[in-house]
Every structure is written in structure tokens, then in C-alpha cells.
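*Asks:* Quick one: the structure is below, questions incoming.
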Amino acid sequence: MMGWVSIVLTLLVVILVRRLLLRSRWDVVEVTQLVYYPVKSCRGVEVDCLEIGARGFVHDRMVMMVDEEGHFVSQRKVPRMSLIEAGLDMPGAEWLTMRFVGDDSIPVGGDEEVRVYLGDEDLNGCSRPLRIVTVWNDTCQAIDLGDEVASWLERVLGFPGARLVKFPSAGRRPVDARKRFLREQHSYETGFADAFPFLLASEESLQELNQELPNGTAVGMNRFRPNVVVRSNGTSLSWAEDDWTRAWCIRDPAVAFRFCAPCERCRMPRVDPQTGSVHPVEPSRTLARIREAQFNGQVMFGQYVVAIPTARGHLLRVGDLLRVSKS
């Protein structure tokens, strides 16, 4: 009898705590997935922990493909980029391996894999050529990674003039604080990410989106390409991240994040990352229906964040609990 009483009391305490958290000015969420993207717009690498650097997670989106004019190229223009796996040789991350994983119905010919040396200088110690490249409205210098990988990209993607470039070790690309709601005195930087060094998304929001999508069109989190995925375990609802302002890691309080802006979505989530095919409307249409009224017609999923300087050199781990403050 006492055993049942104990179970009932425990359940009541859990329910009470969850209700208090829902009414409080902060949530507790669990990190359930960590992903970095060695090459912008190619497949990500899921890991158990990631080191935080000055421009985001170490090794995240430090390499990207550009066209002949130096403009960045993504799955928005070339959906087949979703069929390229990219991996770094650890430790050191001096070599990048890119592998095309399209099925037999997509003719490729030749090697399905290419290895690229990522040093700022080539293997002979000579300086590599620099290119002026553009990521949205930002222009910066990048290191050209050579003709071999460029030819490989042209062949597997069918995209003439493709070049692969690397963010220089000493390069800088500041986040625009004037447009991005940052008020701290110190500045933030990113690599080749669209706008901010980190993108966070919640499982609860994806679950609600999938519940609203037509039958047979449910999507995975990889459609939205976040770095950090969190789950609230019942302490917050879908889209709660819209109101989050800061987050602290309970295990290591030096790891802290500042929420900057929601991530506006284009057609890219319509690309199936397993096949490279593009759905004519979903999930964009459904996401617009349930979200655009909140953002003056803009369609948002996920939150852009920055890590405060104390986090640099520290690790974020799957399973970490984050205390998140609400506006």
C-alpha cells in the first residue's frame, strides 16, 4: 500500500513541477542532437559533443561552394548538394573527404569520392590563391581549394564553374549587430553560415508541424539543418523558443547563449535530403499557414543564437540540460 502511495505522490510532484515551470520565466530543455556541417549545404555530421569556437562550433561551415562570380551556392539552387557527404579526418581536420551518395538512377561516372587538403597553404608550403566571395550581403576573402575538387563538383552536381573555398584561419566575418538585435558591447563572428554562428530548433515545434502536414509528407529535423536540437520533456510547448532570450548549460555555466532572431525559411526545407528531390509545396505551405501570422507574413522555424565569449573552448554535449530564460 505504501508503495502505491509513494508512486502517486511522486507523480503529483512531477505534475506540479511541470506546471510551475510552464508559468515561470524560464524553461529547462535537454540537448538531444548536435550537428555540424563541414561544407555549407552538404550533409551534416551528427556527434555527441561539439567544441564552441569564435565563429560557432569548431569546423562548422568553414568550407562552401561558390559559382564563377564567387557567390555562395546552396541547395536552394542545386538540390543535389544534399547527396554529398562531407567528413573531416580527426584529429586536426586537415583533410576533407567528400562523397557523392546518389542512387544508381543518377549517373555520375568516375570517382564518387574526393579528398581535399584544407591547409591555408598547399602541401608544398606555397600560398593558395584567394577569392572574393559573397554570402548574402557579406563579402569576404576565401581560400580556393583547387581544380581537382572543382572538377569533381562540376561532374557530380552538373554545375559548371563550381569552386570550393575555405574560410581563412585569420579571416573575420562579423555578425551585423545593427540588424540582428544584439545589444552587448562585444562583437560576434561567424564563418560561412547564412547569418549567425548557431541555429537551434525544438522537437516540439517539429512535432506540431508534422501533425499539421498532409498525410505522407512528414519531415525530419534535417530539413531545417539546425546545429542544436532541444526537447523540453513537457516543460514548454511548441514554438516556445520564440520567447527565449538566453540559455545556460547547467553542467557548465560558462557555456551560455544569446538568442538573436528567428530563422526565416525559404524553399530549401522542400528538398528531401535523402533523395535530392524537391516537393512542390511542402512543408513550406503548411509552415506558412501556421506561422506567418505571427511574423507579418514571414515564415520562421528555429532560432539564431550566438555563444557568449566565456563559452569558447568549452563543450556542449548531447544530454546537457539548458536553463532558458523567457522574455
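FYI, nothing fancy with the C-alpha cells labels: chains A, B, ... in order, residues from 1 per chain, ligands from 1 as they appear.
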Residues at most 10 Å from Ile143 of chain A, counting only C-alpha atoms, excluding those fewer than 5 positions away in the same chain, as a PyMOL selection string?
*Replies:* chain A and resi 63+118-121+127-133+164-169
*Asks:* If you count only C-alpha atoms, which residues fall within 12 Å of Gly216 of chain A, apart from same-chain ones fewer than 4 positions away, as a PyMOL selection string?
*Replies:* chain A and resi 210-212+279+282-283
*Asks:* For Pro160 of chain A, which residue out of A:Val73, A:Arg25, A:Asp60, A:Leu145 is the nearest one, using only C-alpha atoms?
*Replies:*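 Once distances to Pro160 of chain A are computed over only C-alpha atoms, the minimum belongs to A:Val73.
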*Asks:* Identify all residues of segment 211-311 of chain A in helix (DSSP H, G or I) (DSSP on the backbone) and supply them as an mmCIF file with C-alpha atoms, in the first residue's frame.
*Replies:*
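The result, stored in part-v8.cif:
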```cif
data_model
loop_
_atom_site.group_PDB
_atom_site.id
_atom_site.type_symbol
_atom_site.label_atom_id
_atom_site.label_comp_id
_atom_site.auth_asym_id
_atom_site.auth_seq_id
_atom_site.Cartn_x
_atom_site.Cartn_y
_atom_site.Cartn_z
ATOM 1 C CA GLN A 211 0.847 16.963 -37.159
ATOM 2 C CA GLU A 212 -0.363 19.758 -39.446
ATOM 3 C CA MET A 221 14.647 17.777 -38.459
ATOM 4 C CA ASN A 222 17.418 17.573 -41.073
ATOM 5 C CA ARG A 223 15.170 19.549 -43.456
ATOM 6 C CA ALA A 240 8.219 28.268 -27.036
ATOM 7 C CA GLU A 241 11.646 29.112 -28.456
ATOM 8 C CA ASP A 242 10.124 32.278 -29.954
ATOM 9 C CA ASP A 243 10.190 33.779 -26.447
ATOM 10 C CA MET A 268 15.177 24.773 -49.024
ATOM 11 C CA PRO A 269 13.171 22.668 -46.499
ATOM 12 C CA ARG A 270 11.258 21.319 -49.505
ATOM 13 C CA SER A 284 6.630 25.418 -46.781
ATOM 14 C CA ARG A 285 2.896 25.845 -47.381
ATOM 15 C CA THR A 286 1.859 24.322 -44.066
ATOM 16 C CA LEU A 287 4.577 26.148 -42.160
ATOM 17 C CA ALA A 288 3.371 29.417 -43.667
ATOM 18 C CA ARG A 289 -0.224 28.663 -42.682
ATOM 19 C CA ILE A 290 0.595 28.090 -39.024
ATOM 20 C CA ARG A 291 3.389 30.640 -38.589
ATOM 21 C CA GLU A 292 3.273 33.665 -40.889
ATOM 22 C CA ALA A 293 0.548 35.483 -38.918
ATOM 23 C CA GLN A 294 2.984 35.781 -36.010
ATOM 24 C CA PHE A 295 5.746 37.388 -38.098
ATOM 25 C CA PRO A 309 32.708 34.671 -25.175
ATOM 26 C CA THR A 310 33.044 32.612 -21.950
ATOM 27 C CA ALA A 311 31.821 29.568 -23.916
#
```
*Asks:* Got a sec: who's within 8 Å of Met81 of chain A, counting only C-alpha atoms, leaving out chain neighbours fewer than 2 positions off, as a list in words?
*Replies:*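 The neighbour list is Ser41, Cys42, Arg43, Ser74, Gln75, Val78, Pro79, Leu83, Ile84, Leu157 and Gly276 of chain A.
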*Asks:* Can you tell me which residues surround Glu189 of chain A at a distance of at most 8 Å, considering only C-alpha atoms, apart from same-chain residues fewer than 4 positions away, and format the answer as an MDAnalysis selection string?
*Replies:* chainID A and resid 54:56 172:175 196:197
*Asks:* Taking only C-alpha atoms into account, name the residue in A:Phe259, A:Phe159, A:Phe224, A:Tyr304 that is nearest to Val324 of chain A.
*Replies:*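 Of the candidates, the smallest distance to Val324 of chain A is held by A:Phe259.
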*Asks:* Skip segment 27-40 of chain A itself and residues of its chain fewer than 6 positions away, then list as a ChimeraX atom specification all residues within 8 Å of it, counting only C-alpha atoms.
*Replies:* /A:21,46-50,57,59-65,74,86-88,192-193,226-233,235-236,317-326
*Asks:* So that I can see what lies close to Gly220 of chain A, please list as an MDAnalysis selection string the residues with an atom at most 10 Å from it, counting only C-alpha atoms and leaving out residues fewer than 6 positions away in the same chain.
*Replies:* chainID A and resid 203 206:207 210 269 272:273
*Asks:* Could the residues in this selection be saved with all heavy atoms as a PDB file, in the first residue's frame?
*Replies:*
```
ATOM      1  N   GLU A 203      12.211  19.962 -30.764  1.00  0.00           N
ATOM      2  CA  GLU A 203      11.461  18.794 -31.206  1.00  0.00           C
ATOM      3  C   GLU A 203       9.957  19.044 -31.143  1.00  0.00           C
ATOM      4  O   GLU A 203       9.196  18.563 -31.996  1.00  0.00           O
ATOM      5  CB  GLU A 203      11.822  17.582 -30.349  1.00  0.00           C
ATOM      6  CG  GLU A 203      13.234  17.077 -30.573  1.00  0.00           C
ATOM      7  CD  GLU A 203      13.504  15.790 -29.818  1.00  0.00           C
ATOM      8  OE1 GLU A 203      12.554  15.238 -29.195  1.00  0.00           O
ATOM      9  OE2 GLU A 203      14.654  15.318 -29.844  1.00  0.00           O
ATOM     10  N   LEU A 206       8.780  20.850 -34.304  1.00  0.00           N
ATOM     11  CA  LEU A 206       8.750  19.938 -35.449  1.00  0.00           C
ATOM     12  C   LEU A 206       7.562  18.986 -35.346  1.00  0.00           C
ATOM     13  O   LEU A 206       6.893  18.692 -36.345  1.00  0.00           O
ATOM     14  CB  LEU A 206      10.053  19.146 -35.536  1.00  0.00           C
ATOM     15  CG  LEU A 206      10.107  18.141 -36.689  1.00  0.00           C
ATOM     16  CD1 LEU A 206      10.112  18.847 -38.031  1.00  0.00           C
ATOM     17  CD2 LEU A 206      11.330  17.230 -36.559  1.00  0.00           C
ATOM     18  N   GLN A 207       7.287  18.501 -34.142  1.00  0.00           N
ATOM     19  CA  GLN A 207       6.163  17.601 -33.949  1.00  0.00           C
ATOM     20  C   GLN A 207       4.843  18.279 -34.338  1.00  0.00           C
ATOM     21  O   GLN A 207       4.009  17.678 -35.017  1.00  0.00           O
ATOM     22  CB  GLN A 207       6.101  17.133 -32.498  1.00  0.00           C
ATOM     23  CG  GLN A 207       4.985  16.139 -32.223  1.00  0.00           C
ATOM     24  CD  GLN A 207       4.986  15.670 -30.771  1.00  0.00           C
ATOM     25  OE1 GLN A 207       5.735  16.156 -29.938  1.00  0.00           O
ATOM     26  NE2 GLN A 207       4.135  14.706 -30.468  1.00  0.00           N
ATOM     27  N   ASN A 210       4.600  18.525 -38.139  1.00  0.00           N
ATOM     28  CA  ASN A 210       4.270  17.237 -38.766  1.00  0.00           C
ATOM     29  C   ASN A 210       2.820  16.851 -38.531  1.00  0.00           C
ATOM     30  O   ASN A 210       2.194  16.203 -39.382  1.00  0.00           O
ATOM     31  CB  ASN A 210       5.209  16.155 -38.244  1.00  0.00           C
ATOM     32  CG  ASN A 210       6.559  16.179 -38.942  1.00  0.00           C
ATOM     33  OD1 ASN A 210       6.658  16.566 -40.109  1.00  0.00           O
ATOM     34  ND2 ASN A 210       7.605  15.785 -38.246  1.00  0.00           N
ATOM     35  N   PRO A 269      13.732  23.822 -47.207  1.00  0.00           N
ATOM     36  CA  PRO A 269      13.171  22.668 -46.499  1.00  0.00           C
ATOM     37  C   PRO A 269      12.325  21.746 -47.376  1.00  0.00           C
ATOM     38  O   PRO A 269      11.986  20.643 -46.957  1.00  0.00           O
ATOM     39  CB  PRO A 269      12.318  23.317 -45.396  1.00  0.00           C
ATOM     40  CG  PRO A 269      12.969  24.631 -45.163  1.00  0.00           C
ATOM     41  CD  PRO A 269      13.403  25.085 -46.524  1.00  0.00           C
ATOM     42  N   ASP A 272      14.210  17.051 -50.229  1.00  0.00           N
ATOM     43  CA  ASP A 272      14.358  15.804 -49.471  1.00  0.00           C
ATOM     44  C   ASP A 272      15.850  15.492 -49.366  1.00  0.00           C
ATOM     45  O   ASP A 272      16.499  15.210 -50.386  1.00  0.00           O
ATOM     46  CB  ASP A 272      13.630  14.662 -50.187  1.00  0.00           C
ATOM     47  CG  ASP A 272      13.651  13.365 -49.392  1.00  0.00           C
ATOM     48  OD1 ASP A 272      14.572  13.161 -48.560  1.00  0.00           O
ATOM     49  OD2 ASP A 272      12.748  12.535 -49.594  1.00  0.00           O
ATOM     50  N   PRO A 273      16.432  15.523 -48.144  1.00  0.00           N
ATOM     51  CA  PRO A 273      17.886  15.339 -48.027  1.00  0.00           C
ATOM     52  C   PRO A 273      18.353  13.925 -48.349  1.00  0.00           C
ATOM     53  O   PRO A 273      19.551  13.708 -48.525  1.00  0.00           O
ATOM     54  CB  PRO A 273      18.171  15.696 -46.568  1.00  0.00           C
ATOM     55  CG  PRO A 273      16.880  15.483 -45.853  1.00  0.00           C
ATOM     56  CD  PRO A 273      15.806  15.802 -46.837  1.00  0.00           C
TER      57      PRO A 273
END
```
*Asks:* One decimal, in Å: what's the spacing between atom CA of Leu199 of chain A and atom CA of Asp67 of chain A?
*Replies:*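 If I compute the distance from atom CA of Leu199 of chain A to atom CA of Asp67 of chain A, I get 25.1 Å.
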*Asks:* Which parts of segment 7-181 of chain A does DSSP call strand (DSSP E) when run on the backbone here, written out as a VMD selection string?
*Replies:* chain A and resid 26 to 36 45 to 47 49 to 53 56 to 57 63 to 66 72 to 73 84 to 88 95 to 100 113 to 117 130 to 135 138 to 144 163 to 166
*Asks:* Keeping C-alpha atoms, export the residues of the selection given above as a PDB file, in the first residue's frame.
*Replies:*
```pdb
ATOM      1  CA  TRP A  26      12.464  30.137 -17.506  1.00  0.00           C
ATOM      2  CA  ASP A  27      12.381  26.637 -19.003  1.00  0.00           C
ATOM      3  CA  VAL A  28      14.706  23.667 -18.750  1.00  0.00           C
ATOM      4  CA  VAL A  29      15.386  21.857 -22.021  1.00  0.00           C
ATOM      5  CA  GLU A  30      17.591  18.909 -22.961  1.00  0.00           C
ATOM      6  CA  VAL A  31      20.035  18.876 -25.865  1.00  0.00           C
ATOM      7  CA  THR A  32      19.019  15.847 -27.948  1.00  0.00           C
ATOM      8  CA  GLN A  33      21.051  16.354 -31.113  1.00  0.00           C
ATOM      9  CA  LEU A  34      24.222  18.166 -32.187  1.00  0.00           C
ATOM     10  CA  VAL A  35      25.173  18.570 -35.838  1.00  0.00           C
ATOM     11  CA  TYR A  36      27.943  20.390 -37.656  1.00  0.00           C
ATOM     12  CA  VAL A  45      27.633  15.174 -39.217  1.00  0.00           C
ATOM     13  CA  GLU A  46      25.804  14.213 -36.036  1.00  0.00           C
ATOM     14  CA  VAL A  47      28.051  13.893 -32.958  1.00  0.00           C
ATOM     15  CA  CYS A  49      29.648  16.759 -28.350  1.00  0.00           C
ATOM     16  CA  LEU A  50      30.983  19.852 -30.085  1.00  0.00           C
ATOM     17  CA  GLU A  51      33.549  22.461 -29.132  1.00  0.00           C
ATOM     18  CA  ILE A  52      32.457  26.095 -29.243  1.00  0.00           C
ATOM     19  CA  GLY A  53      34.781  28.410 -31.125  1.00  0.00           C
ATOM     20  CA  GLY A  56      30.355  28.884 -33.940  1.00  0.00           C
ATOM     21  CA  PHE A  57      31.023  25.207 -33.438  1.00  0.00           C
ATOM     22  CA  VAL A  63      34.007  25.371 -46.388  1.00  0.00           C
ATOM     23  CA  MET A  64      31.478  26.233 -49.100  1.00  0.00           C
ATOM     24  CA  MET A  65      30.841  26.017 -52.812  1.00  0.00           C
ATOM     25  CA  VAL A  66      30.729  29.172 -54.937  1.00  0.00           C
ATOM     26  CA  PHE A  72      27.759  31.069 -52.468  1.00  0.00           C
ATOM     27  CA  VAL A  73      25.794  28.098 -53.821  1.00  0.00           C
ATOM     28  CA  ILE A  84      27.133  14.880 -50.795  1.00  0.00           C
ATOM     29  CA  GLU A  85      28.510  13.592 -47.510  1.00  0.00           C
ATOM     30  CA  ALA A  86      31.380  15.610 -46.077  1.00  0.00           C
ATOM     31  CA  GLY A  87      33.685  14.386 -43.328  1.00  0.00           C
ATOM     32  CA  LEU A  88      36.847  15.663 -41.664  1.00  0.00           C
ATOM     33  CA  TRP A  95      41.715  16.720 -44.770  1.00  0.00           C
ATOM     34  CA  LEU A  96      38.136  16.855 -46.018  1.00  0.00           C
ATOM     35  CA  THR A  97      36.543  13.862 -47.718  1.00  0.00           C
ATOM     36  CA  MET A  98      33.526  14.483 -49.936  1.00  0.00           C
ATOM     37  CA  ARG A  99      31.460  11.550 -51.167  1.00  0.00           C
ATOM     38  CA  PHE A 100      28.517  11.541 -53.548  1.00  0.00           C
ATOM     39  CA  GLU A 113      34.791  10.446 -53.617  1.00  0.00           C
ATOM     40  CA  VAL A 114      37.397  13.192 -53.444  1.00  0.00           C
ATOM     41  CA  ARG A 115      39.846  14.211 -50.707  1.00  0.00           C
ATOM     42  CA  VAL A 116      40.825  17.827 -50.183  1.00  0.00           C
ATOM     43  CA  TYR A 117      43.681  19.274 -48.117  1.00  0.00           C
ATOM     44  CA  LEU A 130      42.441  33.896 -52.507  1.00  0.00           C
ATOM     45  CA  ARG A 131      38.988  34.634 -53.887  1.00  0.00           C
ATOM     46  CA  ILE A 132      36.496  37.344 -53.035  1.00  0.00           C
ATOM     47  CA  VAL A 133      33.274  35.529 -52.131  1.00  0.00           C
ATOM     48  CA  THR A 134      29.781  36.627 -51.173  1.00  0.00           C
ATOM     49  CA  VAL A 135      27.394  35.148 -48.577  1.00  0.00           C
ATOM     50  CA  ASP A 138      28.525  39.948 -46.870  1.00  0.00           C
ATOM     51  CA  THR A 139      31.726  39.948 -48.901  1.00  0.00           C
ATOM     52  CA  CYS A 140      34.927  38.374 -47.593  1.00  0.00           C
ATOM     53  CA  GLN A 141      38.094  36.617 -48.685  1.00  0.00           C
ATOM     54  CA  ALA A 142      38.298  32.846 -49.005  1.00  0.00           C
ATOM     55  CA  ILE A 143      40.982  30.314 -49.936  1.00  0.00           C
ATOM     56  CA  ASP A 144      40.419  28.450 -53.205  1.00  0.00           C
ATOM     57  CA  ARG A 163      34.698  26.144 -56.919  1.00  0.00           C
ATOM     58  CA  LEU A 164      35.254  25.021 -53.332  1.00  0.00           C
ATOM     59  CA  VAL A 165      36.614  27.592 -50.891  1.00  0.00           C
ATOM     60  CA  LYS A 166      37.708  27.631 -47.251  1.00  0.00           C
TER      61      LYS A 166
END
```
*Asks:* Of the residues A:Pro214, A:Glu264, A:Ser327, A:Glu94, which is the one nearest to Trp244 of chain A, using only C-alpha atoms?
*Replies:*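 Closest to Trp244 of chain A of all the choices is A:Ser327.
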*Asks:* Report the distance between atom CA of Asp147 of chain A and atom CA of Gly161 of chain A in Å, rounded to one decimal place.
*Replies:*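 About the pair atom CA of Asp147 of chain A and atom CA of Gly161 of chain A: they are 10.4 Å apart.
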